[in-house]
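The file protein.pdb comes next; it holds PDB, C-alpha atoms.
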```
ATOM      1  CA  ALA A   1      -6.742  -0.662   9.614  1.00  0.00           C
ATOM      2  CA  SER A   2      -7.016  -0.642  13.420  1.00  0.00           C
ATOM      3  CA  GLY A   3     -10.774  -0.030  13.304  1.00  0.00           C
ATOM      4  CA  ASP A   4     -10.419   3.540  14.616  1.00  0.00           C
ATOM      5  CA  ALA A   5      -8.698   2.348  17.818  1.00  0.00           C
ATOM      6  CA  CYS A   6      -8.721   5.294  20.247  1.00  0.00           C
ATOM      7  CA  GLY A   7      -5.245   4.651  21.676  1.00  0.00           C
ATOM      8  CA  TYR A   8      -3.692   4.515  18.219  1.00  0.00           C
ATOM      9  CA  ILE A   9      -5.390   7.772  17.210  1.00  0.00           C
ATOM     10  CA  ASP A  10      -4.355   9.543  20.425  1.00  0.00           C
ATOM     11  CA  THR A  11      -0.718   8.506  19.891  1.00  0.00           C
ATOM     12  CA  PHE A  12      -0.824   9.774  16.298  1.00  0.00           C
ATOM     13  CA  HIS A  13      -2.092  13.208  17.375  1.00  0.00           C
ATOM     14  CA  ASP A  14       0.382  13.349  20.259  1.00  0.00           C
ATOM     15  CA  VAL A  15       3.454  12.518  18.156  1.00  0.00           C
ATOM     16  CA  TYR A  16       2.642  14.298  14.894  1.00  0.00           C
ATOM     17  CA  GLY A  17       0.648  17.143  16.415  1.00  0.00           C
ATOM     18  CA  ASN A  18       2.232  17.915  19.779  1.00  0.00           C
ATOM     19  CA  ASP A  19       5.806  16.679  19.202  1.00  0.00           C
ATOM     20  CA  LEU A  20       6.298  17.528  15.517  1.00  0.00           C
ATOM     21  CA  GLY A  21       3.965  20.516  15.237  1.00  0.00           C
ATOM     22  CA  CYS A  22       1.778  19.268  12.383  1.00  0.00           C
ATOM     23  CA  GLN A  23      -1.866  20.213  12.038  1.00  0.00           C
ATOM     24  CA  THR A  24      -3.496  16.784  12.343  1.00  0.00           C
ATOM     25  CA  GLN A  25      -6.860  15.243  11.550  1.00  0.00           C
ATOM     26  CA  SER A  26      -8.121  11.671  11.772  1.00  0.00           C
ATOM     27  CA  LEU A  27     -10.332   9.979   9.214  1.00  0.00           C
ATOM     28  CA  LEU A  28     -12.646   7.753  11.266  1.00  0.00           C
ATOM     29  CA  LEU A  29     -14.384   5.436   8.810  1.00  0.00           C
ATOM     30  CA  PHE A  30     -15.872   3.279  11.559  1.00  0.00           C
ATOM     31  CA  GLY A  31     -17.004   6.307  13.556  1.00  0.00           C
ATOM     32  CA  GLN A  32     -17.934   9.867  12.716  1.00  0.00           C
ATOM     33  CA  ASP A  33     -16.735  10.107   9.106  1.00  0.00           C
ATOM     34  CA  ARG A  34     -19.509   8.221   7.354  1.00  0.00           C
ATOM     35  CA  ASP A  35     -20.510  11.214   5.228  1.00  0.00           C
ATOM     36  CA  ALA A  36     -19.030  11.111   1.710  1.00  0.00           C
ATOM     37  CA  HIS A  37     -18.299  14.854   1.790  1.00  0.00           C
ATOM     38  CA  ALA A  38     -16.327  14.594   5.055  1.00  0.00           C
ATOM     39  CA  ILE A  39     -14.253  11.728   3.664  1.00  0.00           C
ATOM     40  CA  LYS A  40     -13.528  13.586   0.440  1.00  0.00           C
ATOM     41  CA  SER A  41     -12.560  16.880   2.088  1.00  0.00           C
ATOM     42  CA  LYS A  42     -10.253  15.300   4.665  1.00  0.00           C
ATOM     43  CA  ILE A  43      -8.388  13.273   2.049  1.00  0.00           C
ATOM     44  CA  LEU A  44      -8.114  15.935  -0.659  1.00  0.00           C
ATOM     45  CA  GLU A  45      -7.105  18.723   1.748  1.00  0.00           C
ATOM     46  CA  ALA A  46      -4.241  16.742   3.320  1.00  0.00           C
ATOM     47  CA  ASP A  47      -0.574  17.452   2.584  1.00  0.00           C
ATOM     48  CA  ILE A  48       0.531  14.149   4.117  1.00  0.00           C
ATOM     49  CA  ILE A  49      -1.591  11.013   4.451  1.00  0.00           C
ATOM     50  CA  TYR A  50      -0.397   8.554   7.089  1.00  0.00           C
ATOM     51  CA  VAL A  51      -1.997   5.121   7.440  1.00  0.00           C
ATOM     52  CA  GLY A  52      -1.465   2.987  10.537  1.00  0.00           C
ATOM     53  CA  GLY A  53      -1.357  -0.760  11.066  1.00  0.00           C
ATOM     54  CA  GLY A  54      -3.997  -3.398  11.641  1.00  0.00           C
ATOM     55  CA  ASN A  55      -6.190  -5.582   9.454  1.00  0.00           C
ATOM     56  CA  THR A  56      -5.105  -4.845   5.877  1.00  0.00           C
ATOM     57  CA  LEU A  57      -7.743  -6.989   4.176  1.00  0.00           C
ATOM     58  CA  ARG A  58     -10.626  -5.372   6.079  1.00  0.00           C
ATOM     59  CA  MET A  59      -9.194  -1.910   5.436  1.00  0.00           C
ATOM     60  CA  MET A  60      -8.829  -2.425   1.671  1.00  0.00           C
ATOM     61  CA  LYS A  61     -12.383  -3.784   1.381  1.00  0.00           C
ATOM     62  CA  LEU A  62     -13.746  -0.803   3.327  1.00  0.00           C
ATOM     63  CA  TRP A  63     -11.750   1.697   1.268  1.00  0.00           C
ATOM     64  CA  ARG A  64     -13.050   0.268  -1.990  1.00  0.00           C
ATOM     65  CA  ARG A  65     -16.623   0.190  -0.705  1.00  0.00           C
ATOM     66  CA  ARG A  66     -16.475   3.833   0.435  1.00  0.00           C
ATOM     67  CA  GLY A  67     -14.490   5.221  -2.526  1.00  0.00           C
ATOM     68  CA  VAL A  68     -11.452   6.003  -0.379  1.00  0.00           C
ATOM     69  CA  ASP A  69      -9.159   4.217  -2.857  1.00  0.00           C
ATOM     70  CA  GLN A  70     -10.097   6.624  -5.669  1.00  0.00           C
ATOM     71  CA  LEU A  71      -9.805   9.666  -3.404  1.00  0.00           C
ATOM     72  CA  LEU A  72      -6.329   8.593  -2.307  1.00  0.00           C
ATOM     73  CA  LYS A  73      -5.334   8.302  -5.957  1.00  0.00           C
ATOM     74  CA  ARG A  74      -6.573  11.859  -6.554  1.00  0.00           C
ATOM     75  CA  ALA A  75      -4.707  13.120  -3.488  1.00  0.00           C
ATOM     76  CA  GLY A  76      -1.490  11.471  -4.676  1.00  0.00           C
ATOM     77  CA  ASN A  77      -1.861  12.993  -8.136  1.00  0.00           C
ATOM     78  CA  GLN A  78      -2.286  16.392  -6.457  1.00  0.00           C
ATOM     79  CA  GLY A  79       1.056  15.955  -4.673  1.00  0.00           C
ATOM     80  CA  ALA A  80       0.100  14.625  -1.240  1.00  0.00           C
ATOM     81  CA  VAL A  81       2.816  12.560   0.464  1.00  0.00           C
ATOM     82  CA  MET A  82       1.670   8.998   1.181  1.00  0.00           C
ATOM     83  CA  ALA A  83       3.115   7.237   4.227  1.00  0.00           C
ATOM     84  CA  GLY A  84       2.418   4.542   6.770  1.00  0.00           C
ATOM     85  CA  LEU A  85       3.589   1.420   8.533  1.00  0.00           C
ATOM     86  CA  SER A  86       2.523  -2.226   8.437  1.00  0.00           C
ATOM     87  CA  ALA A  87      -0.921  -2.239   6.761  1.00  0.00           C
ATOM     88  CA  GLY A  88      -0.263   1.428   6.033  1.00  0.00           C
ATOM     89  CA  ALA A  89       2.818   0.475   4.017  1.00  0.00           C
ATOM     90  CA  ILE A  90       1.279  -2.558   2.325  1.00  0.00           C
ATOM     91  CA  CYS A  91      -1.649  -0.536   0.984  1.00  0.00           C
ATOM     92  CA  TRP A  92       0.384   1.580  -1.454  1.00  0.00           C
ATOM     93  CA  HIS A  93       1.808  -1.451  -3.298  1.00  0.00           C
ATOM     94  CA  ASP A  94       0.324  -3.887  -5.823  1.00  0.00           C
ATOM     95  CA  PHE A  95       0.059  -6.565  -3.133  1.00  0.00           C
ATOM     96  CA  GLY A  96       1.059  -7.199   0.463  1.00  0.00           C
ATOM     97  CA  HIS A  97       2.132 -10.075   2.673  1.00  0.00           C
ATOM     98  CA  SER A  98      -0.577  -9.831   5.322  1.00  0.00           C
ATOM     99  CA  ASP A  99      -1.464 -11.414   8.650  1.00  0.00           C
ATOM    100  CA  SER A 100      -5.102 -10.259   8.330  1.00  0.00           C
ATOM    101  CA  CYS A 101      -6.425 -13.784   8.909  1.00  0.00           C
ATOM    102  CA  ARG A 102      -5.094 -13.800  12.465  1.00  0.00           C
ATOM    103  CA  PHE A 103      -7.764 -11.259  13.408  1.00  0.00           C
ATOM    104  CA  SER A 104     -10.552 -13.742  12.659  1.00  0.00           C
ATOM    105  CA  ARG A 105      -8.995 -17.185  13.172  1.00  0.00           C
ATOM    106  CA  ASP A 106      -7.837 -18.160  16.652  1.00  0.00           C
ATOM    107  CA  GLY A 107      -4.326 -19.543  16.263  1.00  0.00           C
ATOM    108  CA  ASN A 108      -5.034 -21.312  12.963  1.00  0.00           C
ATOM    109  CA  TRP A 109      -4.110 -18.888  10.199  1.00  0.00           C
ATOM    110  CA  SER A 110      -1.611 -18.307   7.401  1.00  0.00           C
ATOM    111  CA  TYR A 111      -0.217 -15.220   5.704  1.00  0.00           C
ATOM    112  CA  ILE A 112      -2.187 -14.134   2.656  1.00  0.00           C
ATOM    113  CA  ARG A 113      -1.514 -11.918  -0.345  1.00  0.00           C
ATOM    114  CA  VAL A 114      -3.767  -8.856  -0.171  1.00  0.00           C
ATOM    115  CA  LYS A 115      -4.369  -6.593  -3.164  1.00  0.00           C
ATOM    116  CA  GLY A 116      -3.259  -3.019  -2.505  1.00  0.00           C
ATOM    117  CA  LEU A 117      -3.760   0.260  -4.370  1.00  0.00           C
ATOM    118  CA  GLY A 118      -0.945  -0.291  -6.865  1.00  0.00           C
ATOM    119  CA  PHE A 119       0.677   3.124  -6.454  1.00  0.00           C
ATOM    120  CA  GLN A 120       4.023   1.290  -6.154  1.00  0.00           C
ATOM    121  CA  SER A 121       4.805  -1.952  -7.928  1.00  0.00           C
ATOM    122  CA  GLY A 122       5.720  -5.074  -6.000  1.00  0.00           C
ATOM    123  CA  VAL A 123       4.609  -7.201  -3.067  1.00  0.00           C
ATOM    124  CA  PHE A 124       5.323  -5.527   0.283  1.00  0.00           C
ATOM    125  CA  CYS A 125       6.103  -7.293   3.570  1.00  0.00           C
ATOM    126  CA  PRO A 126       6.378  -5.431   6.908  1.00  0.00           C
ATOM    127  CA  HIS A 127       7.916  -6.644  10.191  1.00  0.00           C
ATOM    128  CA  LEU A 128      10.332  -8.990   8.410  1.00  0.00           C
ATOM    129  CA  ASP A 129      12.691  -9.467  11.359  1.00  0.00           C
ATOM    130  CA  GLN A 130      10.346  -8.900  14.294  1.00  0.00           C
ATOM    131  CA  GLU A 131       7.757 -11.448  13.192  1.00  0.00           C
ATOM    132  CA  GLY A 132      10.060 -13.937  11.453  1.00  0.00           C
ATOM    133  CA  ARG A 133       8.452 -13.461   8.051  1.00  0.00           C
ATOM    134  CA  HIS A 134      11.482 -14.240   5.852  1.00  0.00           C
ATOM    135  CA  GLU A 135      10.605 -17.845   5.034  1.00  0.00           C
ATOM    136  CA  PRO A 136       6.833 -17.409   4.521  1.00  0.00           C
ATOM    137  CA  PHE A 137       7.457 -14.313   2.391  1.00  0.00           C
ATOM    138  CA  ARG A 138      10.133 -16.023   0.318  1.00  0.00           C
ATOM    139  CA  ASP A 139       7.716 -18.928  -0.205  1.00  0.00           C
ATOM    140  CA  MET A 140       4.948 -16.544  -1.281  1.00  0.00           C
ATOM    141  CA  ILE A 141       7.203 -14.963  -3.905  1.00  0.00           C
ATOM    142  CA  ALA A 142       8.305 -18.444  -5.035  1.00  0.00           C
ATOM    143  CA  ARG A 143       4.663 -19.515  -5.496  1.00  0.00           C
ATOM    144  CA  GLN A 144       3.057 -16.349  -6.831  1.00  0.00           C
ATOM    145  CA  GLY A 145       5.916 -14.325  -8.294  1.00  0.00           C
ATOM    146  CA  GLY A 146       6.438 -10.591  -8.332  1.00  0.00           C
ATOM    147  CA  THR A 147       9.170  -8.482  -6.810  1.00  0.00           C
ATOM    148  CA  GLY A 148       9.084  -8.760  -3.024  1.00  0.00           C
ATOM    149  CA  ILE A 149      10.026  -5.761  -0.889  1.00  0.00           C
ATOM    150  CA  ALA A 150      10.402  -6.412   2.835  1.00  0.00           C
ATOM    151  CA  CYS A 151      11.268  -4.063   5.695  1.00  0.00           C
ATOM    152  CA  ASP A 152      12.585  -4.891   9.120  1.00  0.00           C
ATOM    153  CA  ASP A 153      11.035  -2.892  11.938  1.00  0.00           C
ATOM    154  CA  ASN A 154      12.792   0.499  12.144  1.00  0.00           C
ATOM    155  CA  ALA A 155      13.544   0.465   8.405  1.00  0.00           C
ATOM    156  CA  ALA A 156      11.610   2.169   5.627  1.00  0.00           C
ATOM    157  CA  ILE A 157      11.681   2.837   1.914  1.00  0.00           C
ATOM    158  CA  TRP A 158      11.440   6.349   0.551  1.00  0.00           C
ATOM    159  CA  TYR A 159       9.987   6.284  -2.962  1.00  0.00           C
ATOM    160  CA  ARG A 160      11.294   9.410  -4.672  1.00  0.00           C
ATOM    161  CA  SER A 161      10.037  10.935  -7.902  1.00  0.00           C
ATOM    162  CA  ASN A 162      12.317  10.164 -10.843  1.00  0.00           C
ATOM    163  CA  LYS A 163      14.978   8.648  -8.569  1.00  0.00           C
ATOM    164  CA  ARG A 164      15.670   5.203  -7.172  1.00  0.00           C
ATOM    165  CA  PRO A 165      14.043   4.400  -3.829  1.00  0.00           C
ATOM    166  CA  VAL A 166      16.326   4.770  -0.824  1.00  0.00           C
ATOM    167  CA  VAL A 167      16.450   2.962   2.528  1.00  0.00           C
ATOM    168  CA  ILE A 168      15.970   4.952   5.716  1.00  0.00           C
ATOM    169  CA  ALA A 169      16.726   3.103   8.973  1.00  0.00           C
ATOM    170  CA  SER A 170      16.314   4.566  12.439  1.00  0.00           C
ATOM    171  CA  GLN A 171      18.143   1.696  14.145  1.00  0.00           C
ATOM    172  CA  LYS A 172      21.485   0.110  13.354  1.00  0.00           C
ATOM    173  CA  GLY A 173      21.098  -3.253  11.650  1.00  0.00           C
ATOM    174  CA  ALA A 174      17.558  -2.617  10.373  1.00  0.00           C
ATOM    175  CA  THR A 175      17.467  -3.486   6.676  1.00  0.00           C
ATOM    176  CA  VAL A 176      15.303  -3.816   3.596  1.00  0.00           C
ATOM    177  CA  ARG A 177      15.350  -6.953   1.437  1.00  0.00           C
ATOM    178  CA  VAL A 178      14.285  -7.313  -2.170  1.00  0.00           C
ATOM    179  CA  TYR A 179      13.166 -10.781  -3.303  1.00  0.00           C
ATOM    180  CA  LYS A 180      12.999 -12.002  -6.900  1.00  0.00           C
ATOM    181  CA  ARG A 181      12.235 -15.359  -8.458  1.00  0.00           C
ATOM    182  CA  LEU A 182      15.054 -16.218 -10.849  1.00  0.00           C
ATOM    183  CA  ASN A 183      15.564 -19.501 -12.676  1.00  0.00           C
ATOM    184  CA  GLY A 184      13.030 -21.290 -10.486  1.00  0.00           C
ATOM    185  CA  LYS A 185      14.682 -20.060  -7.285  1.00  0.00           C
ATOM    186  CA  THR A 186      13.821 -17.118  -5.024  1.00  0.00           C
ATOM    187  CA  GLU A 187      16.831 -14.950  -4.262  1.00  0.00           C
ATOM    188  CA  PHE A 188      17.096 -11.795  -2.186  1.00  0.00           C
ATOM    189  CA  GLU A 189      19.396  -8.822  -1.752  1.00  0.00           C
ATOM    190  CA  VAL A 190      19.881  -6.874   1.483  1.00  0.00           C
ATOM    191  CA  PHE A 191      19.998  -3.061   1.605  1.00  0.00           C
ATOM    192  CA  GLN A 192      21.053  -0.861   4.514  1.00  0.00           C
ATOM    193  CA  ASN A 193      20.489   2.737   5.604  1.00  0.00           C
ATOM    194  CA  GLY A 194      21.210   5.140   2.751  1.00  0.00           C
ATOM    195  CA  ASP A 195      21.363   2.463   0.038  1.00  0.00           C
ATOM    196  CA  GLU A 196      19.505   3.069  -3.192  1.00  0.00           C
ATOM    197  CA  ILE A 197      17.388   0.169  -4.414  1.00  0.00           C
ATOM    198  CA  GLU A 198      16.892  -0.936  -7.993  1.00  0.00           C
ATOM    199  CA  LEU A 199      13.527  -2.679  -8.266  1.00  0.00           C
TER     200      LEU A 199
END
```

How does the structure come out when it is put into structure tokens?
Amino acid sequence: ASGDACGYIDTFHDVYGNDLGCQTQSLLLFGQDRDAHAIKSKILEADIIYVGGGNTLRMMKLWRRRGVDQLLKRAGNQGAVMAGLSAGAICWHDFGHSDSCRFSRDGNWSYIRVKGLGFQSGVFCPHLDQEGRHEPFRDMIARQGGTGIACDDNAAIWYRSNKRPVVIASQKGATVRVYKRLNGKTEFEVFQNGDEIEL
């Protein structure tokens, strides 16, 4: 989603490779990995697939054009763990609350609903607290429906097989909210670290 930004990639390898001891690879769709075989092997050989932030709309269009969406589905069915933040969290859901238009429109943009991969149901919103997205996200759910799932920075959702999702927060006060349109009104519930969520 970041367009293969070098700094982002270096940080990924430093944290996950050097600090955590993982064997890491990067899939560079704007750079060296234009060969279909290279894309397929990197995705299907991975134990964990982590997607970073950036322009969600551009990323989803590129994935569909290059067949990455179908390869990710195969990897998930084979047991790979899917993870990410911002655009990399939106992508796994049916839809996402995205700021992709800000990358192409100087100062005059609105949040849009971007179609994701649909591995998890719902409409996902990142950066709820940090970017003041509560009202625009609530309005999106009011207009277009669906179950809204929103994370503050430093909060995440762990989708577990055959169990309810659970909130994981690395900072006190970071929460997850679930939005639903009921009786013509959008309501939300707040969940904290360790809480299970019923979607």

Open item on the list: Running the PyMOL selection byres ((chain A and resi 186) around 12) on this model by hand, what would come out? Give it as a VMD selection string.
Closed with: chain A and resid 134 to 148 178 to 185 187 to 189

As lines of an AutoDock Vina configuration file: centre and edge lengths in Å, one decimal, of the axis-aligned box holding range 181-199 of chain A with 5 Å per side:
```
center_x = 16.8
center_y = -8.1
center_z = -3.5
size_x = 19.1
size_y = 36.4
size_z = 28.3
```

| What does the PyMOL selection byres ((chain A and resi 25-34) around 6) select in this file, as a ChimeraX atom specification? | /A:4,24,35

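Counting all atoms listed in the file, the residue from A:Tyr16, A:Phe119, A:Trp158, A:Tyr8 that sits nearest to Ile90 in chain A is A:Phe119.
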
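Take the candidates A:Leu85, A:Leu20, A:Val166, A:Ile157 and check each one against Thr56 in chain A using all atoms listed in the file; the shortest distance goes to A:Leu85.
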
Counting all atoms listed in the file, select every polymer residue within 8 Å of (-4.7, 1.9, 7.6) as defined in the file's coordinates, and provide the selection as a compact mmCIF listing (two decimals) with C-alpha atoms, keeping the file's coordinate frame.
```
# COMPACT_ATOMS: atom_id res chain seq x y z
CA ALA A 1 -6.74 -0.66 9.61
CA SER A 2 -7.02 -0.64 13.42
CA TYR A 50 -0.40 8.55 7.09
CA VAL A 51 -2.00 5.12 7.44
CA GLY A 52 -1.46 2.99 10.54
CA GLY A 53 -1.36 -0.76 11.07
CA GLY A 54 -4.00 -3.40 11.64
CA ASN A 55 -6.19 -5.58 9.45
CA THR A 56 -5.11 -4.84 5.88
CA MET A 59 -9.19 -1.91 5.44
CA GLY A 84 2.42 4.54 6.77
CA ALA A 87 -0.92 -2.24 6.76
CA GLY A 88 -0.26 1.43 6.03
CA CYS A 91 -1.65 -0.54 0.98
```

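Residues matching the PyMOL selection byres ((chain A and resi 167) around 8) in this structure come to Ala155, Ala156, Ile157, Trp158, Pro165, Val166, Ile168, Ala169, Thr175, Val176, Phe191, Gln192, Asn193, Gly194, Asp195, Glu196 and Ile197 of chain A.
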
Quick one: residues within 10 Å of Gly76 in chain A, only C-alpha atoms, excluding same-chain residues fewer than 3 positions away - as a list in words? Ile43, Leu44, Ala46, Asp47, Ile48, Ile49, Gln70, Leu71, Leu72, Lys73, Gly79, Ala80, Val81, Met82 and Phe119 of chain A
